[in-house]
Every structure is written in C-alpha cells, then in structure tokens.
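The file final_0.txt comes next; it holds compact mmCIF, C-alpha atoms.
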# COMPACT_ATOMS: atom_id res chain seq x y z
CA MET W 1 -26.84 8.29 4.39
CA ASN W 2 -29.90 8.60 6.60
CA PRO W 3 -30.02 12.12 8.17
CA ALA W 4 -32.65 10.99 10.64
CA ALA W 5 -30.09 8.65 12.16
CA ARG W 6 -27.82 11.48 13.33
CA GLY W 7 -27.47 11.59 17.08
CA HIS W 8 -28.99 8.15 17.55
CA ARG W 9 -27.06 5.36 19.21
CA PRO W 10 -26.43 2.29 17.03
CA VAL W 11 -28.46 -0.86 17.53
CA GLY W 12 -26.64 -3.21 19.90
CA PHE W 13 -25.16 -6.38 18.40
CA ASP W 14 -25.70 -9.29 20.81
CA THR W 15 -23.01 -11.80 19.80
CA ASP W 16 -24.06 -14.29 22.50
CA ARG W 17 -27.55 -14.39 21.07
CA LEU W 18 -26.06 -15.09 17.65
CA ILE W 19 -23.80 -17.96 18.70
CA ASP W 20 -26.54 -19.44 20.93
CA ASP W 21 -28.92 -19.61 17.97
CA ARG W 22 -28.75 -23.24 16.82
CA ARG W 23 -30.11 -22.26 13.42
CA ILE W 24 -26.82 -20.43 12.75
CA ARG W 25 -24.30 -22.95 11.41
CA ILE W 26 -21.69 -20.68 9.78
CA VAL W 27 -20.21 -17.38 10.99
CA VAL W 28 -17.92 -15.55 8.55
CA CYS W 29 -15.68 -12.81 9.97
CA CYS W 30 -14.54 -10.32 7.33
CA GLY W 31 -12.71 -6.99 7.41
CA SER W 32 -9.49 -5.34 6.35
CA GLY W 33 -6.12 -6.54 7.62
CA GLY W 34 -4.85 -5.61 11.06
CA VAL W 35 -8.21 -5.04 12.75
CA GLY W 36 -8.22 -8.15 14.97
CA LYS W 37 -10.26 -10.39 12.68
CA THR W 38 -8.39 -13.58 13.61
CA THR W 39 -8.67 -12.86 17.32
CA THR W 40 -12.38 -12.07 16.96
CA ALA W 41 -13.04 -15.33 15.10
CA ALA W 42 -11.12 -17.36 17.69
CA ALA W 43 -12.84 -15.61 20.62
CA LEU W 44 -16.29 -16.18 19.12
CA ALA W 45 -15.55 -19.86 18.45
CA LEU W 46 -14.20 -20.40 21.97
CA ARG W 47 -17.16 -18.63 23.57
CA ALA W 48 -19.58 -20.65 21.42
CA ALA W 49 -17.88 -23.90 22.45
CA GLU W 50 -18.03 -22.99 26.13
CA ARG W 51 -21.73 -22.17 25.73
CA GLY W 52 -22.43 -25.65 24.35
CA ARG W 53 -21.71 -25.56 20.61
CA GLN W 54 -19.61 -28.10 18.69
CA ALA W 55 -17.47 -25.45 17.02
CA VAL W 56 -14.58 -25.37 14.57
CA VAL W 57 -12.67 -22.25 13.59
CA LEU W 58 -11.04 -22.06 10.15
CA THR W 59 -8.41 -19.36 9.73
CA ILE W 60 -7.04 -18.30 6.37
CA ASP W 61 -4.63 -15.83 7.93
CA PRO W 62 -1.08 -17.08 7.28
CA ALA W 63 0.09 -15.74 10.66
CA ARG W 64 0.37 -18.24 13.51
CA ARG W 65 -1.34 -16.10 16.13
CA LEU W 66 -4.40 -18.33 16.29
CA ALA W 67 -2.37 -21.47 17.00
CA GLN W 68 -0.41 -19.65 19.71
CA SER W 69 -3.50 -18.23 21.41
CA MET W 70 -5.12 -21.66 21.48
CA GLY W 71 -2.06 -23.40 22.84
CA LEU W 72 -1.57 -25.56 19.74
CA SER W 73 1.95 -26.49 18.67
CA GLU W 74 0.78 -26.63 15.07
CA LEU W 75 -2.21 -25.57 13.05
CA ASP W 76 -2.73 -26.98 9.57
CA ASN W 77 -5.30 -28.31 7.13
CA ILE W 78 -6.61 -30.89 9.63
CA PRO W 79 -9.05 -29.79 12.37
CA ARG W 80 -7.37 -30.32 15.75
CA ALA W 81 -9.02 -30.37 19.15
CA VAL W 82 -8.20 -27.42 21.40
CA SER W 83 -7.43 -28.48 24.96
CA GLY W 84 -8.26 -26.37 27.97
CA VAL W 85 -11.78 -25.58 26.76
CA ASP W 86 -14.52 -25.68 29.42
CA THR W 87 -16.75 -28.49 28.15
CA SER W 88 -19.20 -28.45 31.06
CA ALA W 89 -21.94 -27.09 28.78
CA GLY W 90 -21.37 -29.93 26.32
CA GLY W 91 -19.43 -28.01 23.70
CA THR W 92 -16.14 -28.72 21.92
CA LEU W 93 -13.67 -26.66 19.91
CA ASP W 94 -11.47 -27.63 16.96
CA ALA W 95 -9.17 -25.29 15.03
CA MET W 96 -7.44 -25.43 11.65
CA MET W 97 -5.51 -23.23 9.24
CA LEU W 98 -6.17 -23.43 5.52
CA ASP W 99 -3.43 -25.04 3.46
CA MET W 100 -4.56 -24.00 -0.02
CA LYS W 101 -2.28 -26.39 -1.92
CA ARG W 102 -3.23 -29.36 0.22
CA THR W 103 -6.92 -28.49 -0.19
CA PHE W 104 -6.48 -28.27 -3.97
CA ASP W 105 -4.72 -31.67 -3.89
CA GLU W 106 -7.65 -33.11 -1.93
CA VAL W 107 -10.08 -31.83 -4.56
CA VAL W 108 -8.06 -33.53 -7.29
CA GLU W 109 -7.75 -36.79 -5.35
CA THR W 110 -11.48 -36.83 -4.60
CA HIS W 111 -12.78 -36.01 -8.07
CA ALA W 112 -10.30 -37.80 -10.36
CA THR W 113 -9.27 -41.40 -10.82
CA PRO W 114 -6.05 -42.41 -9.02
CA GLU W 115 -4.11 -42.44 -12.31
CA ARG W 116 -5.52 -39.07 -13.42
CA ALA W 117 -4.84 -37.62 -9.97
CA ARG W 118 -1.19 -38.70 -10.13
CA GLN W 119 -0.83 -37.02 -13.53
CA ILE W 120 -2.37 -33.78 -12.31
CA LEU W 121 -0.46 -33.62 -9.04
CA ALA W 122 2.87 -34.18 -10.81
CA ASN W 123 2.20 -31.56 -13.49
CA PRO W 124 4.43 -28.46 -13.15
CA PHE W 125 1.65 -26.11 -14.28
CA TYR W 126 -0.72 -27.54 -11.68
CA GLN W 127 1.93 -27.16 -8.97
CA ALA W 128 2.30 -23.48 -9.84
CA LEU W 129 -1.46 -22.95 -10.10
CA SER W 130 -2.23 -24.63 -6.79
CA SER W 131 0.47 -22.69 -4.95
CA SER W 132 0.34 -19.15 -6.26
CA PHE W 133 -2.42 -18.46 -8.79
CA ALA W 134 -4.33 -15.30 -7.89
CA GLY W 135 -7.54 -16.23 -6.10
CA THR W 136 -6.55 -19.82 -5.36
CA GLN W 137 -6.39 -19.21 -1.60
CA GLU W 138 -9.86 -17.69 -1.52
CA TYR W 139 -11.28 -20.40 -3.79
CA MET W 140 -9.83 -23.13 -1.61
CA ALA W 141 -11.31 -21.42 1.46
CA MET W 142 -14.70 -21.92 -0.19
CA GLU W 143 -13.82 -25.55 -0.97
CA LYS W 144 -12.74 -26.19 2.62
CA LEU W 145 -15.85 -24.51 4.01
CA GLY W 146 -17.97 -26.77 1.82
CA GLN W 147 -16.06 -29.81 3.04
CA LEU W 148 -16.51 -28.86 6.69
CA ARG W 149 -20.20 -28.15 6.25
CA ALA W 150 -20.72 -31.55 4.61
CA ARG W 151 -19.46 -33.26 7.76
CA SER W 152 -21.59 -33.74 10.88
CA ASP W 153 -18.77 -33.20 13.39
CA TRP W 154 -19.67 -29.57 14.14
CA ASP W 155 -22.81 -27.50 14.47
CA LEU W 156 -20.96 -24.18 14.11
CA ILE W 157 -18.17 -23.21 11.70
CA VAL W 158 -16.40 -19.88 12.27
CA VAL W 159 -14.40 -18.62 9.27
CA ASP W 160 -11.61 -16.04 9.44
CA THR W 161 -11.22 -14.54 5.97
CA PRO W 162 -7.93 -13.61 4.25
CA PRO W 163 -6.05 -10.52 5.48
CA SER W 164 -6.20 -8.74 2.11
CA ARG W 165 -7.57 -5.29 1.41
CA SER W 166 -10.53 -6.78 -0.42
CA ALA W 167 -11.42 -9.36 2.18
CA LEU W 168 -14.54 -10.30 0.26
CA ASP W 169 -12.36 -11.59 -2.59
CA PHE W 170 -13.24 -15.08 -1.46
CA LEU W 171 -16.78 -14.43 -2.75
CA ASP W 172 -15.42 -13.61 -6.21
CA ALA W 173 -12.52 -16.07 -6.38
CA PRO W 174 -14.62 -19.15 -7.27
CA GLU W 175 -16.06 -17.32 -10.25
CA ARG W 176 -12.61 -16.11 -11.34
CA LEU W 177 -10.96 -19.51 -10.99
CA GLY W 178 -13.92 -21.30 -12.53
CA SER W 179 -13.90 -18.91 -15.48
CA PHE W 180 -10.16 -19.49 -15.90
CA LEU W 181 -10.44 -23.27 -15.83
CA ASP W 182 -13.52 -23.26 -18.05
CA GLY W 183 -12.16 -20.51 -20.29
CA ARG W 184 -11.82 -20.64 -24.06
CA LEU W 185 -8.02 -20.45 -24.06
CA ILE W 186 -7.64 -23.28 -21.54
CA ARG W 187 -10.16 -25.34 -23.52
CA LEU W 188 -8.22 -24.68 -26.70
CA LEU W 189 -4.92 -25.65 -25.13
CA GLY W 190 -6.36 -29.03 -24.25
CA GLY W 191 -8.66 -29.30 -27.23
CA THR W 192 -6.58 -31.50 -29.49
CA ALA W 193 -6.34 -34.34 -27.02
CA ARG W 194 -10.03 -34.15 -26.15
CA ALA W 195 -11.24 -34.07 -29.74
CA GLY W 196 -13.37 -37.09 -30.51
CA GLY W 197 -12.04 -38.46 -33.80
CA ARG W 198 -9.22 -38.20 -36.32
CA THR W 199 -11.19 -36.16 -38.83
CA TYR W 200 -11.95 -33.53 -36.20
CA LEU W 201 -8.34 -33.61 -35.07
CA LYS W 202 -7.11 -32.82 -38.59
CA LEU W 203 -9.55 -29.92 -38.93
CA LEU W 204 -8.65 -28.54 -35.51
CA HIS W 205 -4.93 -29.06 -35.90
CA ALA W 206 -4.32 -26.34 -38.49
CA GLY W 207 -6.00 -23.61 -36.45
CA PHE W 208 -4.52 -24.90 -33.24
CA ASN W 209 -1.01 -24.77 -34.66
CA VAL W 210 -1.40 -21.08 -35.46
CA VAL W 211 -2.44 -20.33 -31.89
CA THR W 212 0.14 -22.56 -30.23
CA SER W 213 2.90 -21.21 -32.45
CA ALA W 214 2.17 -17.70 -31.21
CA LEU W 215 1.80 -18.84 -27.60
CA THR W 216 5.02 -20.81 -27.77
CA LYS W 217 6.91 -17.63 -28.60
CA ILE W 218 5.29 -15.88 -25.63
CA LEU W 219 5.15 -18.62 -23.00
CA GLY W 220 7.80 -21.04 -24.17
CA GLY W 221 7.22 -24.53 -25.51
CA GLU W 222 7.79 -26.37 -22.24
CA LEU W 223 5.25 -24.29 -20.30
CA LEU W 224 2.72 -24.63 -23.08
CA ARG W 225 3.11 -28.41 -23.04
CA ASP W 226 2.68 -28.43 -19.26
CA VAL W 227 -0.53 -26.39 -19.55
CA SER W 228 -1.89 -28.60 -22.32
CA THR W 229 -1.07 -31.79 -20.39
CA PHE W 230 -2.62 -30.33 -17.23
CA VAL W 231 -5.86 -29.42 -19.01
CA ASN W 232 -6.13 -32.82 -20.66
CA ALA W 233 -5.66 -34.58 -17.31
CA LEU W 234 -8.14 -32.23 -15.65
CA ASP W 235 -10.79 -32.75 -18.31
CA THR W 236 -13.01 -34.98 -16.18
CA MET W 237 -13.08 -32.31 -13.46
CA PHE W 238 -14.18 -29.35 -15.62
CA GLY W 239 -17.46 -27.98 -14.38
CA GLY W 240 -17.00 -29.50 -10.93
CA PHE W 241 -15.11 -26.45 -9.71
CA ARG W 242 -17.88 -24.09 -10.70
CA GLU W 243 -20.61 -26.41 -9.48
CA ARG W 244 -19.12 -26.73 -6.00
CA ALA W 245 -18.39 -23.01 -5.86
CA ASP W 246 -21.99 -22.26 -6.76
CA GLN W 247 -23.19 -24.62 -4.04
CA THR W 248 -21.00 -22.99 -1.38
CA TYR W 249 -21.93 -19.50 -2.58
CA ALA W 250 -25.61 -20.45 -2.25
CA LEU W 251 -24.87 -21.79 1.24
CA LEU W 252 -23.42 -18.42 2.24
CA LYS W 253 -26.69 -16.72 1.29
CA ARG W 254 -28.86 -19.01 3.38
CA PRO W 255 -30.27 -17.98 6.81
CA GLU W 256 -27.95 -20.47 8.55
CA THR W 257 -24.98 -18.20 7.70
CA ALA W 258 -24.11 -14.93 9.44
CA PHE W 259 -21.49 -12.42 8.30
CA ILE W 260 -19.71 -10.33 10.92
CA VAL W 261 -17.69 -7.31 9.78
CA VAL W 262 -14.71 -6.53 12.02
CA ALA W 263 -13.16 -3.05 12.07
CA ALA W 264 -11.01 -0.78 14.20
CA PRO W 265 -11.98 2.84 14.99
CA GLU W 266 -9.80 4.17 12.19
CA PRO W 267 -11.11 6.01 9.10
CA ASP W 268 -9.56 3.57 6.59
CA ALA W 269 -10.79 0.48 8.43
CA LEU W 270 -14.32 1.84 8.72
CA ARG W 271 -14.38 2.90 5.08
CA GLU W 272 -13.50 -0.68 4.24
CA ALA W 273 -16.20 -1.88 6.64
CA SER W 274 -18.72 0.32 4.80
CA TYR W 275 -17.67 -1.33 1.56
CA PHE W 276 -18.17 -4.80 3.08
CA VAL W 277 -21.62 -3.87 4.38
CA ASP W 278 -22.66 -2.45 1.00
CA ARG W 279 -21.31 -5.49 -0.83
CA LEU W 280 -23.04 -7.95 1.50
CA SER W 281 -26.29 -6.04 1.09
CA ARG W 282 -25.94 -5.95 -2.70
CA ASP W 283 -25.33 -9.72 -2.82
CA ALA W 284 -28.15 -10.43 -0.34
CA MET W 285 -25.72 -12.00 2.13
CA PRO W 286 -26.99 -12.33 5.74
CA MET W 287 -25.25 -9.53 7.65
CA ALA W 288 -25.28 -9.98 11.44
CA GLY W 289 -23.43 -6.91 12.69
CA LEU W 290 -20.20 -4.99 13.18
CA VAL W 291 -17.54 -5.71 15.80
CA LEU W 292 -15.74 -2.42 16.45
CA ASN W 293 -12.46 -3.53 17.93
CA ARG W 294 -9.87 -1.78 20.14
CA VAL W 295 -12.15 1.07 21.14
CA HIS W 296 -11.07 3.61 23.77
CA LEU W 297 -14.13 4.03 25.95
CA ARG W 298 -15.08 7.26 27.69
CA GLU W 299 -15.09 6.77 31.46
CA SER W 300 -18.09 8.08 33.35
CA GLY W 301 -17.39 10.73 35.99
CA GLY W 302 -14.01 12.26 36.72
CA ILE W 303 -12.51 15.39 35.24
CA GLY W 304 -12.52 16.25 31.55
CA ALA W 305 -9.53 16.38 29.19
CA GLU W 306 -9.13 20.17 29.35
CA GLN W 307 -9.36 20.17 33.13
CA ALA W 308 -6.76 17.42 33.36
CA VAL W 309 -4.31 19.31 31.08
CA ALA W 310 -4.84 22.55 33.02
CA ALA W 311 -4.21 20.78 36.34
CA ALA W 312 -1.06 19.13 34.95
CA GLU W 313 0.25 22.49 33.75
CA ARG W 314 -0.28 24.05 37.20
CA LEU W 315 1.58 21.22 38.90
CA GLU W 316 4.43 21.42 36.37
CA ALA W 317 4.67 25.18 36.80
CA ALA W 318 4.89 24.70 40.56
CA GLY W 319 7.66 22.13 40.03
CA SER W 320 5.99 19.47 42.16
CA HIS W 321 4.02 16.24 41.86
CA GLU W 322 5.58 15.24 38.53
CA LEU W 323 4.01 11.76 38.65
CA THR W 324 0.54 13.22 39.25
CA ALA W 325 1.02 15.64 36.36
CA SER W 326 2.02 12.75 34.06
CA LEU W 327 -1.03 10.75 35.10
CA LEU W 328 -3.28 13.74 34.42
CA ARG W 329 -1.84 14.11 30.91
CA LEU W 330 -2.27 10.38 30.31
CA HIS W 331 -5.90 10.69 31.44
CA ALA W 332 -6.43 13.61 29.06
CA GLU W 333 -4.93 11.65 26.16
CA ARG W 334 -7.19 8.68 26.82
CA LEU W 335 -10.23 10.97 26.83
CA ARG W 336 -9.13 12.47 23.50
CA LEU W 337 -8.73 9.00 22.01
CA ALA W 338 -12.17 8.02 23.32
CA ALA W 339 -13.72 11.14 21.77
CA ARG W 340 -11.96 10.45 18.46
CA ASP W 341 -13.08 6.81 18.40
CA GLU W 342 -16.63 7.92 19.17
CA ARG W 343 -16.64 10.47 16.32
CA VAL W 344 -15.22 7.97 13.81
CA GLY W 345 -17.68 5.30 14.91
CA GLU W 346 -20.62 7.69 14.62
CA ARG W 347 -19.77 8.35 10.96
CA PHE W 348 -20.21 4.64 10.24
CA THR W 349 -23.44 4.30 12.21
CA THR W 350 -24.85 7.43 10.60
CA ALA W 351 -24.22 5.91 7.18
CA HIS W 352 -25.43 2.44 8.25
CA PRO W 353 -28.00 2.93 11.06
CA GLU W 354 -29.45 -0.53 10.37
CA VAL W 355 -26.20 -2.36 11.25
CA PRO W 356 -25.98 -3.62 14.86
CA VAL W 357 -22.68 -2.75 16.55
CA THR W 358 -20.72 -4.26 19.43
CA HIS W 359 -17.65 -2.57 20.92
CA VAL W 360 -14.53 -4.33 22.18
CA PRO W 361 -12.41 -2.09 24.41
CA ALA W 362 -8.73 -1.57 23.65
CA LEU W 363 -6.58 -3.82 25.84
CA VAL W 364 -3.03 -3.51 27.03
CA GLY W 365 -0.92 -6.19 25.33
CA ASP W 366 -1.70 -8.91 22.81
CA VAL W 367 -3.94 -11.93 23.23
CA HIS W 368 -1.74 -15.03 23.44
CA ASP W 369 -3.75 -17.70 25.27
CA LEU W 370 -7.24 -19.05 25.92
CA ASP W 371 -7.76 -16.76 28.90
CA GLY W 372 -7.11 -13.79 26.64
CA LEU W 373 -9.64 -15.09 24.12
CA ARG W 374 -12.17 -15.62 26.92
CA ARG W 375 -11.65 -12.06 28.03
CA ILE W 376 -12.28 -10.78 24.51
CA GLY W 377 -15.45 -12.89 24.23
CA ALA W 378 -16.75 -11.51 27.51
CA LEU W 379 -16.04 -7.91 26.45
CA PHE W 380 -18.39 -7.82 23.47
CA ASP W 381 -20.53 -4.88 24.48
CA THR W 382 -23.94 -3.91 23.10
CA ARG W 383 -23.98 -0.35 24.41

Just give me the structure as structure tokens.
Amino acid sequence: MNPAARGHRPVGFDTDRLIDDRRIRIVVCCGSGGVGKTTTAAALALRAAERGRQAVVLTIDPARRLAQSMGLSELDNIPRAVSGVDTSAGGTLDAMMLDMKRTFDEVVETHATPERARQILANPFYQALSSSFAGTQEYMAMEKLGQLRARSDWDLIVVDTPPSRSALDFLDAPERLGSFLDGRLIRLLGGTARAGGRTYLKLLHAGFNVVTSALTKILGGELLRDVSTFVNALDTMFGGFRERADQTYALLKRPETAFIVVAAPEPDALREASYFVDRLSRDAMPMAGLVLNRVHLRESGGIGAEQAVAAAERLEAAGSHELTASLLRLHAERLRLAARDERVGERFTTAHPEVPVTHVPALVGDVHDLDGLRRIGALFDTR
C-alpha cells in the first residue's frame, strides 16, 4: 500500500484511447463472476467496431446473454457477423462463444492424421477429457485465441474470460493440461505400444504389469484400456499442446495485448480485482486498467442524505406529502450507496494507485440489445 496515495483521485482509464490504438490487437477482460464482465467485453468490442476496428468478441461465459444482447439467434464456436452495427467508420463486428469440446476436436483434426484423428475422437477417455477435465475450458480458450490471432480477419480480439472465482485460471490451465498429457503416468500408460522393439517391450512389460495391475483395481480394466489406447493414438501430438500454449502465453505478454480487470464496487469483487492486478504484475502481463462497474455516482448539488431523511420525517409526522417523503428517502439511500461505493473504490485505488480506473454508472434494468451495449460503451468515465 502506498500511503502517499491516500486522498488522491485514481488515474483515469481512457478506454476509447485503448481501442483506437491500432497497436493493440487483443483485449482480455478478467474479473470474478457476476461483475458484468461479459457485458463489458461486448460493449468494448461494439464500440471498437463502430470506431473503425475489425473486431471479434470471444466469450467463454456459458450464459447466453451476449448472444441476446447482440441480436444473434445462436452463438457458437464459429465467429458470426453481428448485424445492426454502424459500419460508417469502416469497422465490423463478429461474435462467438467457446465450445471447448469442438475446439479440442479441431486441435485433434488439425494435428493428427485422419485415421489417428478418428481413433482419438471415438475414444471414451478422450470424450470425457474433452468435455469435463478440469482446466480444459481455459486451455481451449487459449487454443481458440491462438487460432483467431493467426487469422487476418480481425485487427482486434476481445476475450471474455470464464466466470470462475479464479478467472486467471486460463493462464495456468495450459501448463496443467500440458503437464497432465506429458506426465509420467500418462507416458507409462501408453509406453508399451510406443516402445521401439521387442526386447525393450519384454523388459518394460514386467514393470508395466505391476503398475497396471494396481491401476486396474483402482480405475477398472476398461477405463485403463481406454486411457492407454487414447495415449497411444495421441502420441504424435505430445508436445504440441505445450508448444502452442507457450506461444499463446508469450502472445499475452506482448505489448499488443491489454488486460482489463472488471469489478463491481463490492468488497469481495475488489479483493478479487486486487488479486488479478497483483498476478498480472507478477507475470509481467500488460495491464491496461480497471473498469469499476455498476457504480452509484454522487450527484452534484441538492440536499445531503441527512437533510433528506430529516425532511422526510417532518413530512411523515405532519401526515402529508407521502410521495415527496418517499422520494426524499430514496434520494438519501442513493447518496448512501454512492458514499459506500466511493469508500470501497478508494480502498482499491489506495492499494493500487498506479492502476487507471474508469467508472460505469449503475443502470436500471439489464442490457439486452445493441443500444444497451452502446450506452454502456459511451458511459465509460475517466473521472
């Protein structure tokens, strides 16, 4: 914490300047669940497109809010053009939602022979791994980001990260999945079929039988055979997972990438935001700023909260002007919320005075169309 920062206003985060910078090719929105991350990513992508960028937004959130807000009947693993975008500045907007299994299938089909790919795709262990293995979603987000970046269709990719508590898991998932696929146990399970010669097979077989006998009792013979068959079929792809993950991870550290942390003015959300900022700094990731979402802003002028409550009490005691008294209490409550949001926000900026901040005011109702996203994009405030 920097004591000298107390009482100082945070540096303003100019999101328009960021998305107008043609050197920025990737924007990654991260934050805890329920803070408006998906809406922020969609609003930024739409605003970038209407300011002349060829943009695509990739959401990893399983909810369908993004498709609904963009007027799309479906959102899947294929980028789809969003209609209704103002293209007068020369920009375009595509949107897609990560399908982790389909992305995994694409990796297999791309990096294996047709026969090997058929074996892998039909393998029961692969089907379970590609659908539900811990970290697969985050790893495939990295794969998909790498695929999008390799294409020349877009000059800006906006990524909405998973709605998990540790929303930076996608930075760790490639290492976890790569370690699993390259791990000693997995290698051993497929070792007999990959051994290069009968003599070696005989030597390996005795030790392998001891291990597989124990594993068979734990996992069951059928599952063990599925795993072994999967590993043997995947042999030609070992190392490719880690190599591509390393390439994408390196891409995320380059100046063309910008990380935006999204938070709400709630203690838990801002504690998580502090963790994200610290983690990005530790990993030397390019941090752009914080979007503080759903903020109750203090209105200039007018009466204060205590004055409003006192006036409401006088009216209620007199038994008249009930509507006016209710409005006064509502005004007082809004001022209290604004003061609370300001206090909570100041704790973050005191701890991280170097992080630029933009505030998005709390709105009545949900965003459900392009006009709502445009309104959000126009509300980014650098006060």

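Distance-wise, atom CA of W:Leu363 and atom CA of W:Val85 end up 22.4 Å apart.
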
Counting all atoms listed in the file, figure out which residue out of W:Ile19, W:Val291, W:Ile157, W:Cys30 gets nearest to W:Arg279.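 Of all the options, W:Cys30 lies closest to W:Arg279.
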
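Computed from the coordinates, the atom CA of W:Ser88 to atom CA of W:Arg51 distance equals 8.6 Å.
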
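Distance annotation: of W:Thr40, W:Gln127, W:Thr92, W:Ser73, the residue with the minimal separation from W:Gly52 is W:Thr92; atom set is all atoms listed in the file.
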
Item to complete: Find the residue from W:Gly289, W:Ile60, W:Gln307, W:Leu280 that sits nearest to W:Gly12; use all atoms listed in the file when measuring.
Response: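 Closest residue, counting all atoms listed in the file: W:Gly289.
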
Residues at most 9 Å from stretch 323-336 of chain W, counting all atoms listed in the file, excluding those fewer than 5 positions away in the same chain, as a compact mmCIF listing (two decimals) with C-alpha atoms, keeping the file's coordinate frame?
# COMPACT_ATOMS: atom_id res chain seq x y z
CA HIS W 296 -11.07 3.61 23.77
CA LEU W 297 -14.13 4.03 25.95
CA ARG W 298 -15.08 7.26 27.69
CA GLU W 299 -15.09 6.77 31.46
CA ILE W 303 -12.51 15.39 35.24
CA GLY W 304 -12.52 16.25 31.55
CA ALA W 305 -9.53 16.38 29.19
CA GLU W 306 -9.13 20.17 29.35
CA GLN W 307 -9.36 20.17 33.13
CA ALA W 308 -6.76 17.42 33.36
CA VAL W 309 -4.31 19.31 31.08
CA ALA W 311 -4.21 20.78 36.34
CA ALA W 312 -1.06 19.13 34.95
CA GLU W 313 0.25 22.49 33.75
CA ARG W 314 -0.28 24.05 37.20
CA LEU W 315 1.58 21.22 38.90
CA GLU W 316 4.43 21.42 36.37
CA ASP W 341 -13.08 6.81 18.40

**Q.** Point-to-point distance in Å for atom CA of W:Leu290 and atom CA of W:Val344
**A.**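 According to the coordinates, atom CA of W:Val344 and atom CA of W:Leu290 are separated by 13.9 Å.
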
May I have the residues within 8 Å of stretch 255-264 of chain W as a count of residues only, using only C-alpha atoms and disregarding those fewer than 4 positions away in the same chain? 31

Counting all atoms listed in the file, closest pick from W:Met70, W:Phe348, W:Arg151, W:Pro162 relative to W:Met100 is W:Pro162

Open item on the list: Given all atoms listed in the file as the basis, pick out the residue of W:Leu148, W:Val11, W:Ala45, W:Ile120 nearest to W:Ile78.
Closed with: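 The closest residue to W:Ile78 is W:Leu148.
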
Check the smallest atom-to-atom distance from each of W:Arg343, W:Arg282, W:Arg149, W:His321 to W:Glu266 using all atoms listed in the file, then report the winner.
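Using all atoms listed in the file, the shortest distance to W:Glu266 belongs to W:Arg343.
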